[in-house]
Each structure stands twice: as C-alpha cells, then as structure tokens.
>>> print(open('structure.cif').read())   # mmCIF, C-alpha atoms
data_target
loop_
_atom_site.label_atom_id
_atom_site.label_comp_id
_atom_site.auth_asym_id
_atom_site.auth_seq_id
_atom_site.Cartn_x
_atom_site.Cartn_y
_atom_site.Cartn_z
CA MET A 585 172.35 -25.71 -39.58
CA TRP A 586 175.18 -23.43 -38.54
CA PHE A 587 177.35 -26.40 -37.67
CA ILE A 588 177.50 -27.52 -41.30
CA LEU A 589 178.81 -24.07 -42.17
CA VAL A 590 181.59 -24.36 -39.57
CA VAL A 591 182.60 -27.75 -40.97
CA ILE A 592 182.73 -26.37 -44.54
CA LEU A 593 184.81 -23.40 -43.34
CA GLY A 594 187.17 -25.83 -41.60
CA ILE A 595 187.49 -28.00 -44.70
CA LEU A 596 188.28 -24.97 -46.88
CA ALA A 597 190.78 -23.60 -44.34
CA GLY A 598 192.46 -26.99 -44.05
CA HIS A 599 192.68 -27.33 -47.81
CA PHE A 600 194.02 -23.89 -48.64
CA LEU A 601 196.09 -22.92 -45.58
CA PRO A 602 199.61 -24.36 -45.42
CA TYR A 603 199.53 -25.02 -41.68
CA ASP A 604 199.28 -28.48 -40.17
CA ILE A 605 197.50 -28.92 -36.89
CA PRO A 606 198.72 -31.39 -34.23
CA SER A 607 197.25 -34.80 -34.96
CA ASN A 608 195.79 -35.29 -31.50
CA LEU A 609 194.26 -31.80 -31.18
CA SER A 610 190.75 -33.04 -32.01
CA TRP A 611 191.07 -35.62 -29.26
CA TRP A 612 191.85 -32.97 -26.64
CA VAL A 613 189.09 -30.67 -27.81
CA LEU A 614 186.69 -33.64 -27.65
CA SER A 615 187.78 -34.35 -24.07
CA ALA A 616 187.10 -30.72 -23.15
CA LEU A 617 183.71 -30.90 -24.86
CA ILE A 618 182.74 -34.01 -22.91
CA PHE A 619 183.88 -32.35 -19.70
CA PHE A 620 181.62 -29.34 -20.38
CA ALA A 621 178.72 -31.64 -21.28
CA GLY A 622 179.25 -33.25 -17.87
CA VAL A 623 179.23 -29.84 -16.16
CA ASN A 624 175.89 -28.99 -17.80
CA ILE A 625 174.32 -32.21 -16.55
CA GLY A 626 175.79 -31.71 -13.08
CA LEU A 627 174.26 -28.24 -12.92
CA GLU A 628 170.74 -29.58 -13.52
CA GLU A 629 168.79 -30.14 -10.30
CA ASP A 630 167.68 -33.73 -9.70
CA ILE A 631 167.30 -34.39 -13.41
CA LEU A 632 168.61 -37.91 -12.83
CA LYS A 633 165.85 -38.65 -10.32
CA LYS A 634 163.26 -37.57 -12.84
CA ILE A 635 164.79 -39.81 -15.49
CA LYS A 636 164.67 -42.80 -13.10
CA LYS A 637 160.87 -42.60 -13.10
CA ILE A 638 160.65 -43.10 -16.84
CA ALA A 639 163.70 -45.38 -17.10
CA ASN A 640 161.79 -48.32 -18.59
CA LYS A 641 160.51 -46.37 -21.55
CA VAL A 642 163.90 -44.75 -22.07
CA ILE A 643 165.74 -48.07 -22.12
CA ILE A 644 163.27 -49.70 -24.52
CA LEU A 645 163.45 -46.70 -26.82
CA ILE A 646 167.27 -46.73 -26.78
CA SER A 647 167.31 -50.43 -27.72
CA LEU A 648 165.03 -49.60 -30.64
CA THR A 649 167.19 -46.66 -31.72
CA VAL A 650 170.35 -48.76 -31.58
CA SER A 651 168.91 -51.82 -33.35
CA GLY A 652 167.16 -49.65 -35.95
CA THR A 653 170.38 -47.79 -36.67
CA PHE A 654 172.37 -51.01 -37.09
CA LEU A 655 169.65 -52.66 -39.17
CA GLY A 656 169.50 -49.66 -41.50
CA ALA A 657 173.29 -49.51 -41.74
CA PHE A 658 173.44 -53.23 -42.54
CA LEU A 659 170.75 -53.02 -45.23
CA ILE A 660 172.28 -49.97 -46.94
CA SER A 661 175.74 -51.56 -46.98
CA PHE A 662 174.70 -53.47 -50.12
CA PHE A 663 174.30 -50.15 -51.94
CA VAL A 664 177.46 -48.31 -50.80
CA PRO A 665 181.18 -48.95 -51.41
CA ILE A 666 181.94 -49.92 -47.79
CA SER A 667 181.49 -53.30 -46.12
CA ALA A 668 178.58 -54.14 -43.81
CA LYS A 669 180.93 -54.11 -40.81
CA GLU A 670 182.28 -50.68 -41.71
CA SER A 671 178.80 -49.39 -42.35
CA ILE A 672 177.61 -50.49 -38.91
CA LEU A 673 180.69 -49.01 -37.19
CA ALA A 674 180.24 -45.70 -39.03
CA SER A 675 176.59 -45.49 -37.98
CA SER A 676 177.37 -46.17 -34.33
CA GLY A 677 177.77 -42.51 -33.36
CA PHE A 678 173.95 -42.16 -33.26
CA GLY A 679 174.26 -38.51 -34.20
CA TRP A 680 177.21 -37.75 -31.95
CA TYR A 681 179.46 -36.83 -34.84
CA SER A 682 182.46 -35.55 -32.89
CA LEU A 683 182.79 -38.62 -30.72
CA SER A 684 182.26 -41.23 -33.44
CA ALA A 685 184.64 -39.54 -35.88
CA VAL A 686 187.49 -39.02 -33.41
CA MET A 687 187.16 -42.53 -31.98
CA ILE A 688 186.90 -44.26 -35.37
CA SER A 689 189.84 -42.25 -36.66
CA ASN A 690 191.96 -43.46 -33.75
CA LEU A 691 190.70 -47.04 -33.84
CA TYR A 692 190.16 -47.78 -37.52
CA SER A 693 190.80 -45.33 -40.38
CA PRO A 694 190.48 -41.61 -41.21
CA TYR A 695 188.47 -42.58 -44.31
CA LEU A 696 185.71 -44.34 -42.36
CA ALA A 697 185.93 -41.63 -39.69
CA THR A 698 185.08 -38.99 -42.29
CA ILE A 699 182.11 -40.99 -43.58
CA SER A 700 180.95 -41.46 -40.00
CA PHE A 701 181.41 -37.77 -39.29
CA ILE A 702 179.31 -36.66 -42.28
CA ALA A 703 176.66 -39.33 -41.69
CA ASN A 704 176.24 -38.28 -38.06
CA VAL A 705 176.21 -34.55 -38.84
CA LEU A 706 173.47 -35.37 -41.36
CA ARG A 707 171.56 -37.31 -38.72
CA GLU A 708 171.41 -34.21 -36.55
CA SER A 709 170.33 -32.08 -39.53
CA MET A 710 167.63 -34.60 -40.42
CA GLY A 711 166.44 -34.29 -36.84
CA ILE A 712 165.89 -30.57 -37.32
CA LEU A 713 164.06 -31.18 -40.59
CA PHE A 714 161.96 -34.24 -39.78
CA ILE A 715 161.17 -34.12 -36.04
CA PRO A 716 158.17 -31.81 -36.59
CA LEU A 717 156.81 -34.28 -39.16
CA ALA A 718 157.58 -37.45 -37.15
CA SER A 719 156.04 -35.92 -34.01
CA LYS A 720 152.69 -35.93 -35.80
CA PHE A 721 152.45 -39.72 -35.85
CA SER A 722 154.73 -40.91 -33.04
CA PRO A 723 156.62 -39.01 -30.33
CA TYR A 724 158.94 -42.00 -29.88
CA ALA A 725 159.84 -42.00 -33.56
CA ALA A 726 160.69 -38.31 -33.28
CA ILE A 727 163.08 -38.94 -30.38
CA SER A 728 164.68 -41.99 -31.99
CA LEU A 729 165.20 -40.11 -35.25
CA GLY A 730 167.56 -37.63 -33.64
CA GLY A 731 169.69 -40.15 -31.74
CA SER A 732 172.03 -38.74 -29.10
CA PRO A 733 171.31 -35.05 -29.84
CA SER A 734 167.78 -35.67 -28.49
CA MET A 735 169.21 -34.48 -25.16
CA ASP A 736 170.62 -31.14 -26.32
CA THR A 737 170.55 -29.62 -29.79
CA LEU A 738 167.28 -31.31 -30.74
CA LEU A 739 165.57 -31.10 -27.35
CA GLY A 740 164.07 -27.70 -28.10
CA ILE A 741 162.42 -28.89 -31.29
CA ILE A 742 161.10 -32.04 -29.61
CA SER A 743 159.60 -30.08 -26.73
CA ARG A 744 157.90 -27.68 -29.14
CA TYR A 745 155.98 -30.46 -30.88
CA ASN A 746 155.37 -32.86 -27.98
CA ASP A 747 154.19 -33.01 -24.36
CA LYS A 748 156.32 -32.72 -21.20
CA GLU A 749 156.75 -36.43 -20.63
CA THR A 750 158.04 -36.88 -24.17
CA THR A 751 160.54 -34.10 -23.60
CA LEU A 752 161.85 -35.82 -20.48
CA ILE A 753 162.05 -39.19 -22.28
CA SER A 754 163.92 -37.41 -25.05
CA PHE A 755 166.45 -36.05 -22.60
CA GLY A 756 166.90 -39.43 -20.90
CA HIS A 757 167.21 -41.15 -24.28
CA GLY A 758 169.99 -38.80 -25.41
CA PHE A 759 171.69 -38.84 -22.02
CA ILE A 760 171.93 -42.60 -21.59
CA LEU A 761 172.62 -43.18 -25.27
CA SER A 762 175.48 -40.65 -25.11
CA LEU A 763 176.93 -42.35 -22.05
CA THR A 764 176.86 -45.75 -23.73
CA THR A 765 178.04 -44.62 -27.17
CA PRO A 766 181.81 -44.65 -26.38
CA PHE A 767 181.33 -48.15 -25.01
CA ILE A 768 179.27 -49.28 -28.03
CA ILE A 769 181.87 -47.97 -30.50
CA THR A 770 184.76 -49.65 -28.66
CA ALA A 771 182.87 -52.93 -28.23
CA LEU A 772 181.70 -52.96 -31.87
CA TYR A 773 185.21 -52.35 -33.14
CA TYR A 774 186.59 -55.31 -31.23
CA LEU A 775 183.63 -57.55 -32.03
CA LEU A 776 183.59 -56.77 -35.75
CA PHE A 777 187.25 -56.33 -36.57
CA LYS A 778 189.33 -58.00 -33.88
CA LEU A 779 187.57 -61.31 -33.24
CA MET B 701 191.95 -46.59 -23.38
CA GLN B 702 190.18 -43.66 -24.97
CA PHE B 703 186.84 -45.01 -23.80
CA LEU B 704 187.87 -44.83 -20.15
CA PHE B 705 189.30 -41.37 -20.65
CA ILE B 706 185.97 -40.15 -22.04
CA LEU B 707 184.03 -41.48 -19.07
CA ILE B 708 186.50 -39.84 -16.68
CA SER B 709 186.21 -36.45 -18.43
CA PHE B 710 182.45 -36.71 -18.20
CA ALA B 711 182.43 -37.74 -14.54
CA LEU B 712 184.84 -34.92 -13.64
CA GLY B 713 182.56 -32.45 -15.43
CA MET B 714 179.52 -33.73 -13.56
CA ILE B 715 181.27 -33.36 -10.22
CA VAL B 716 182.36 -29.80 -11.06
CA GLY B 717 178.80 -28.99 -12.15
CA LYS B 718 177.33 -30.45 -8.96
CA ILE B 719 179.59 -28.32 -6.75
CA LYS B 720 177.95 -25.24 -8.30
CA LYS B 721 180.71 -22.97 -7.06
CA PHE B 722 182.08 -22.18 -10.48
CA THR B 723 179.64 -19.58 -11.75
CA ILE B 724 181.77 -19.14 -14.86
CA PHE B 725 180.08 -22.23 -16.30
CA THR B 726 176.63 -20.69 -16.14
CA LYS B 727 177.90 -17.41 -17.58
CA TYR B 728 179.44 -18.73 -20.77
CA ASP B 729 178.25 -21.51 -23.03
CA PHE B 730 181.49 -23.50 -23.13
CA LEU B 731 179.75 -26.47 -24.68
CA THR B 732 178.80 -24.50 -27.79
CA ILE B 733 182.23 -22.86 -27.98
CA THR B 734 184.08 -26.19 -27.83
CA THR B 735 181.60 -27.68 -30.32
CA ILE B 736 182.42 -24.92 -32.81
CA ILE B 737 186.17 -25.38 -32.27
CA LEU B 738 185.91 -29.13 -32.64
CA LEU B 739 183.82 -28.92 -35.83
CA PHE B 740 186.33 -26.50 -37.31
CA VAL B 741 189.32 -28.67 -36.33
CA MET B 742 187.66 -31.78 -37.77
CA GLY B 743 186.89 -29.94 -41.00
CA TYR B 744 190.48 -28.71 -41.05
CA GLU B 745 191.79 -32.27 -40.73
CA ILE B 746 189.62 -33.44 -43.63
CA GLY B 747 190.56 -30.43 -45.79
CA GLY B 748 194.26 -30.80 -45.01
CA ASN B 749 194.31 -34.45 -46.04
CA ASP B 750 194.36 -34.53 -49.87
CA LYS B 751 193.16 -38.13 -50.06
CA LEU B 752 190.12 -37.39 -47.90
CA PHE B 753 189.47 -34.06 -49.59
CA ASP B 754 189.40 -35.61 -53.07
CA ALA B 755 187.14 -38.41 -51.88
CA LEU B 756 184.66 -36.02 -50.23
CA PRO B 757 181.96 -36.15 -52.94
CA SER B 758 181.83 -39.96 -52.99
CA MET B 759 182.08 -40.16 -49.19
CA GLY B 760 179.31 -37.61 -48.89
CA VAL B 761 176.95 -39.73 -50.98
CA THR B 762 177.83 -42.84 -48.95
CA ALA B 763 177.29 -40.93 -45.70
CA LEU B 764 173.93 -39.56 -46.88
CA LYS B 765 172.66 -43.04 -47.80
CA LEU B 766 173.96 -44.47 -44.53
CA SER B 767 172.36 -41.73 -42.52
CA LEU B 768 168.99 -41.98 -44.31
CA ALA B 769 168.90 -45.76 -43.86
CA SER B 770 169.82 -45.77 -40.18
CA VAL B 771 167.50 -42.88 -39.33
CA GLY B 772 164.70 -44.51 -41.35
CA MET B 773 164.97 -47.87 -39.59
CA SER B 774 165.21 -46.19 -36.18
CA VAL B 775 161.96 -44.39 -36.91
CA VAL B 776 160.24 -47.59 -38.07
CA LEU B 777 161.28 -49.57 -34.98
CA ALA B 778 160.55 -46.73 -32.54
CA SER B 779 157.05 -46.37 -33.99
CA PHE B 780 156.24 -49.81 -32.59
CA MET B 781 156.40 -48.24 -29.13
CA GLY B 782 153.29 -46.27 -29.82
CA LEU B 783 151.64 -43.97 -32.26
CA LYS B 784 150.12 -40.67 -31.32
CA LYS B 785 146.45 -40.94 -30.44
CA LYS B 786 144.23 -38.84 -32.56
CA GLU B 787 143.07 -35.77 -30.67
CA LYS B 788 139.35 -35.54 -30.15
#
>>> encode(input="structure.cif", output="structure tokens")
Amino acid sequence: MWFILVVILGILAGHFLPYDIPSNLSWWVLSALIFFAGVNIGLEEDILKKIKKIANKVIILISLTVSGTFLGAFLISFFVPISAKESILASSGFGWYSLSAVMISNLYSPYLATISFIANVLRESMGILFIPLASKFSPYAAISLGGSPSMDTLLGIISRYNDKETTLISFGHGFILSLTTPFIITALYYLLFKL
Amino acid sequence: MQFLFILISFALGMIVGKIKKFTIFTKYDFLTITTIILLFVMGYEIGGNDKLFDALPSMGVTALKLSLASVGMSVVLASFMGLKKKEK
C-alpha cells in the first residue's frame, strides 16, 4: 500500500509548496515508465512463447475482465455524479492508474482523470486485499479482479495462492491487457465522445 | 498520437531488454523508481490544482464506488470461466 502513501505525499506537497511543475512532466515520466516495463519484459527468456500456449484462456479471460469492468462502470453510473460514458472511460485503465489518468487528462478533463486515477489505484489495492479470498473459489476471478497489475505488482500474491498455470495466465492477462489498454482508452474516447 | 508514442516506448524498451547488454537494468529497479516519481508527480498535480484538491472527497467517493462496481462485475464474469474444484 506504499503507493497510496506516495500519492498522498504528492498531493500535500502540491497543495502547500508554491512551485508549479511543467504540465507535460507526467507524460514524460509515463513514457519512461513504459520504456522500463518494456525492458523488463524483454529481459525475460521466452516468456512470450510460454504465453502462446495458454493464449486462448488468456484472451477469454481478458474479454471477461474488460466487459465486466464496463458493465460495472455502467451500472454504478446511476449512483454517482458522472455520466455513464464518463464512468466507462474512467474505468478503462483496468488498474493501470498512471496510464489512464495521464491519457484521460490529455484527452478529456483533469477532473475525470483524477477520478480515474483514484479508482484505478483502488483497484490495485483491492487486488492486494481480495485476491487471497477470491483465489479460494476461482483462480480466474482472482486474476480478473486485479486487472492489468496481474502481471507485476499483484503477480506475487496470485502465485502464492494459486498453481503455476494460473500464475502464467495471470502474467499473460496483465501483459496483453496492458498492451491493449492505450488502444482501448483512445478508441473508447472517440467512440463515446467524438461520434 | 499519444497512443502510438506509448507503443513505441514499449517496443524500444523490449528491444533494449532483449539485447541484454545493458546490465544496469538488472542492477536497479527503474520500473519501481519511475513508478514512485510518477505517483508523486500525479499527486502534486492534483494537490496544486485548487479545484481538484477541493473536490477530492467527493471524487474519492465516486472513484471508490466505480472501482468496487467494476471489480465486482469483473469477478462475477470471470467466475464463469471456472470455479476451483474442491480438494479431496
């Protein structure tokens, strides 16, 4: 949960310090982060070959994660002060808080970006809390719960409560979901707000 | 095209990782370091924007509901793929 602490520190610093930071700084840091994520994957030996073997399961599970996320976002939109379209766009980070927030801030509004940021940070935290519980009745539910972080920050927890194949599916799920997330956010924005 | 830019950053990273000549990447956890910097910067942006800062409590509640609903439905749908067999 250390990442929540860093966010709170940042919020306090931003509120009380008189300095402004360049508006596109977060974008450049995000690009660096994605580059390093790529390096980590590149370093892994034939991990992609291993994922190919379980590709079917991974792709079905990702479709369920994505449709479940959108369905939940749509249903809850009747109980929150944002529209159904905004709710779906905000949920479309699937736990990748940095990407969704920076992209939505550039595409749509800082207000929705902040909601998306908090919602996706919370998704990762819920992963830490609920994966042990969800693993008891369904390994797939445990992976889907975490969203994109199922390939990194949550992988350790998933592997502790599940078998090896589940761990590999979890990695593949997070990996492919992360690759498609920038595309999903861009496509959703144009579909929902530009058509 | 920020979307294209993201894919290019990722692809470049993968190529650099595959080359395996840059041992500096295995020595230091750059991913965690950049994550910390990014989280701080994003917090800083929210804190520095009075409108966002004042709206934080209400946005937090909205975000919590949104997150619970989307996580909940993901879990429900994913469970259709299979439940854990009871161990004998």
>>> residues_around(input="structure.cif", residues="Leu764 (chain B)", least_positions_apart="5", cutoff="12 Å", atoms="all atoms listed in the file", output="JSON, numbers by chain")
{"A": [657, 660, 663, 664, 671, 674, 675, 699, 700, 701, 702, 703, 704, 705, 706, 707, 708, 709, 710], "B": [756, 757, 758, 759, 769, 770, 771, 772]}
>>> resolve_selection(input="structure.cif", expression="the PyMOL selection byres ((chain B and resi 752) around 12)", output="PyMOL selection string")
(chain A and resi 595+598-599+693-699) or (chain B and resi 742-751+753-760)
>>> residues_around(input="structure.cif", residues="Ala726 (chain A)", least_positions_apart="2", cutoff="12 Å", atoms="only C-alpha atoms", output="PyMOL selection string")
(chain A and resi 645+649+708+710-724+728-731+733-734+738-739+741-746+750-751+753-754+757) or (chain B and resi 771-772+774-779+781-784)
>>> resolve_selection(input="structure.cif", expression="the PyMOL selection byres ((chain A and resi 769) around 8)", output="PyMOL selection string")
chain A and resi 673+676-677+684+687-688+765-768+770-773
>>> write_last_selection(input="structure.cif", atoms="C-alpha atoms", output="short mmCIF file (atom, residue, chain, number, x, y, z; two decimals), in the frame of the given file")
data_model
loop_
_atom_site.label_atom_id
_atom_site.label_comp_id
_atom_site.auth_asym_id
_atom_site.auth_seq_id
_atom_site.Cartn_x
_atom_site.Cartn_y
_atom_site.Cartn_z
CA LEU A 673 180.69 -49.01 -37.19
CA SER A 676 177.37 -46.17 -34.33
CA GLY A 677 177.77 -42.51 -33.36
CA SER A 684 182.26 -41.23 -33.44
CA MET A 687 187.16 -42.53 -31.98
CA ILE A 688 186.90 -44.26 -35.37
CA THR A 765 178.04 -44.62 -27.17
CA PRO A 766 181.81 -44.65 -26.38
CA PHE A 767 181.33 -48.15 -25.01
CA ILE A 768 179.27 -49.28 -28.03
CA THR A 770 184.76 -49.65 -28.66
CA ALA A 771 182.87 -52.93 -28.23
CA LEU A 772 181.70 -52.96 -31.87
CA TYR A 773 185.21 -52.35 -33.14
#
>>> atom_distance(input="structure.cif", atom1="CA of Ala621 (chain A)", atom2="CA of Ala763 (chain B)")
26.2 Å
>>> atom_distance(input="structure.cif", atom1="CA of Ser651 (chain A)", atom2="CA of Val686 (chain A)")
22.6 Å
>>> residues_around(input="structure.cif", residues="Val623 (chain A)", least_positions_apart="4", cutoff="10 Å", atoms="all atoms listed in the file", output="count of residues only")
22
>>> atom_distance(input="structure.cif", atom1="CA of Thr732 (chain B)", atom2="CA of Ile605 (chain A)")
21.3 Å
>>> residues_around(input="structure.cif", residues="Val642 (chain A)", least_positions_apart="3", cutoff="10 Å", atoms="all atoms listed in the file", output="PyMOL selection string")
chain A and resi 635-639+645-648+724+752-761
>>> closest_residue(input="structure.cif", among="B:Ile706, B:Leu739, B:Phe780, B:Lys765", to="Phe658 (chain A)", atoms="all atoms listed in the file")
B:Lys765
>>> closest_residue(input="structure.cif", among="A:Lys633, A:Phe600, A:Ala725, A:Lys669", to="chain B", atoms="all atoms listed in the file")
A:Ala725
>>> closest_residue(input="structure.cif", among="A:Met735, A:Leu659, A:Ile727, A:Val613", to="Lys641 (chain A)", atoms="all atoms listed in the file")
A:Ile727
>>> closest_residue(input="structure.cif", among="B:Leu707, B:Met773, B:Gln702, B:Ile724", to="chain A", atoms="only C-alpha atoms")
B:Met773
>>> residues_near_point(input="structure.cif", point="(189.1, -33.3, -29.7)", cutoff="9 Å", atoms="only C-alpha atoms", output="ChimeraX atom specification")
/A:608-617,682-683,686 /B:734,737-738,741-742
>>> write_last_selection(input="structure.cif", atoms="C-alpha atoms", output="compact mmCIF listing (two decimals), keeping the file's coordinate frame")
# COMPACT_ATOMS: atom_id res chain seq x y z
CA ASN A 608 195.79 -35.29 -31.50
CA LEU A 609 194.26 -31.80 -31.18
CA SER A 610 190.75 -33.04 -32.01
CA TRP A 611 191.07 -35.62 -29.26
CA TRP A 612 191.85 -32.97 -26.64
CA VAL A 613 189.09 -30.67 -27.81
CA LEU A 614 186.69 -33.64 -27.65
CA SER A 615 187.78 -34.35 -24.07
CA ALA A 616 187.10 -30.72 -23.15
CA LEU A 617 183.71 -30.90 -24.86
CA SER A 682 182.46 -35.55 -32.89
CA LEU A 683 182.79 -38.62 -30.72
CA VAL A 686 187.49 -39.02 -33.41
CA THR B 734 184.08 -26.19 -27.83
CA ILE B 737 186.17 -25.38 -32.27
CA LEU B 738 185.91 -29.13 -32.64
CA VAL B 741 189.32 -28.67 -36.33
CA MET B 742 187.66 -31.78 -37.77
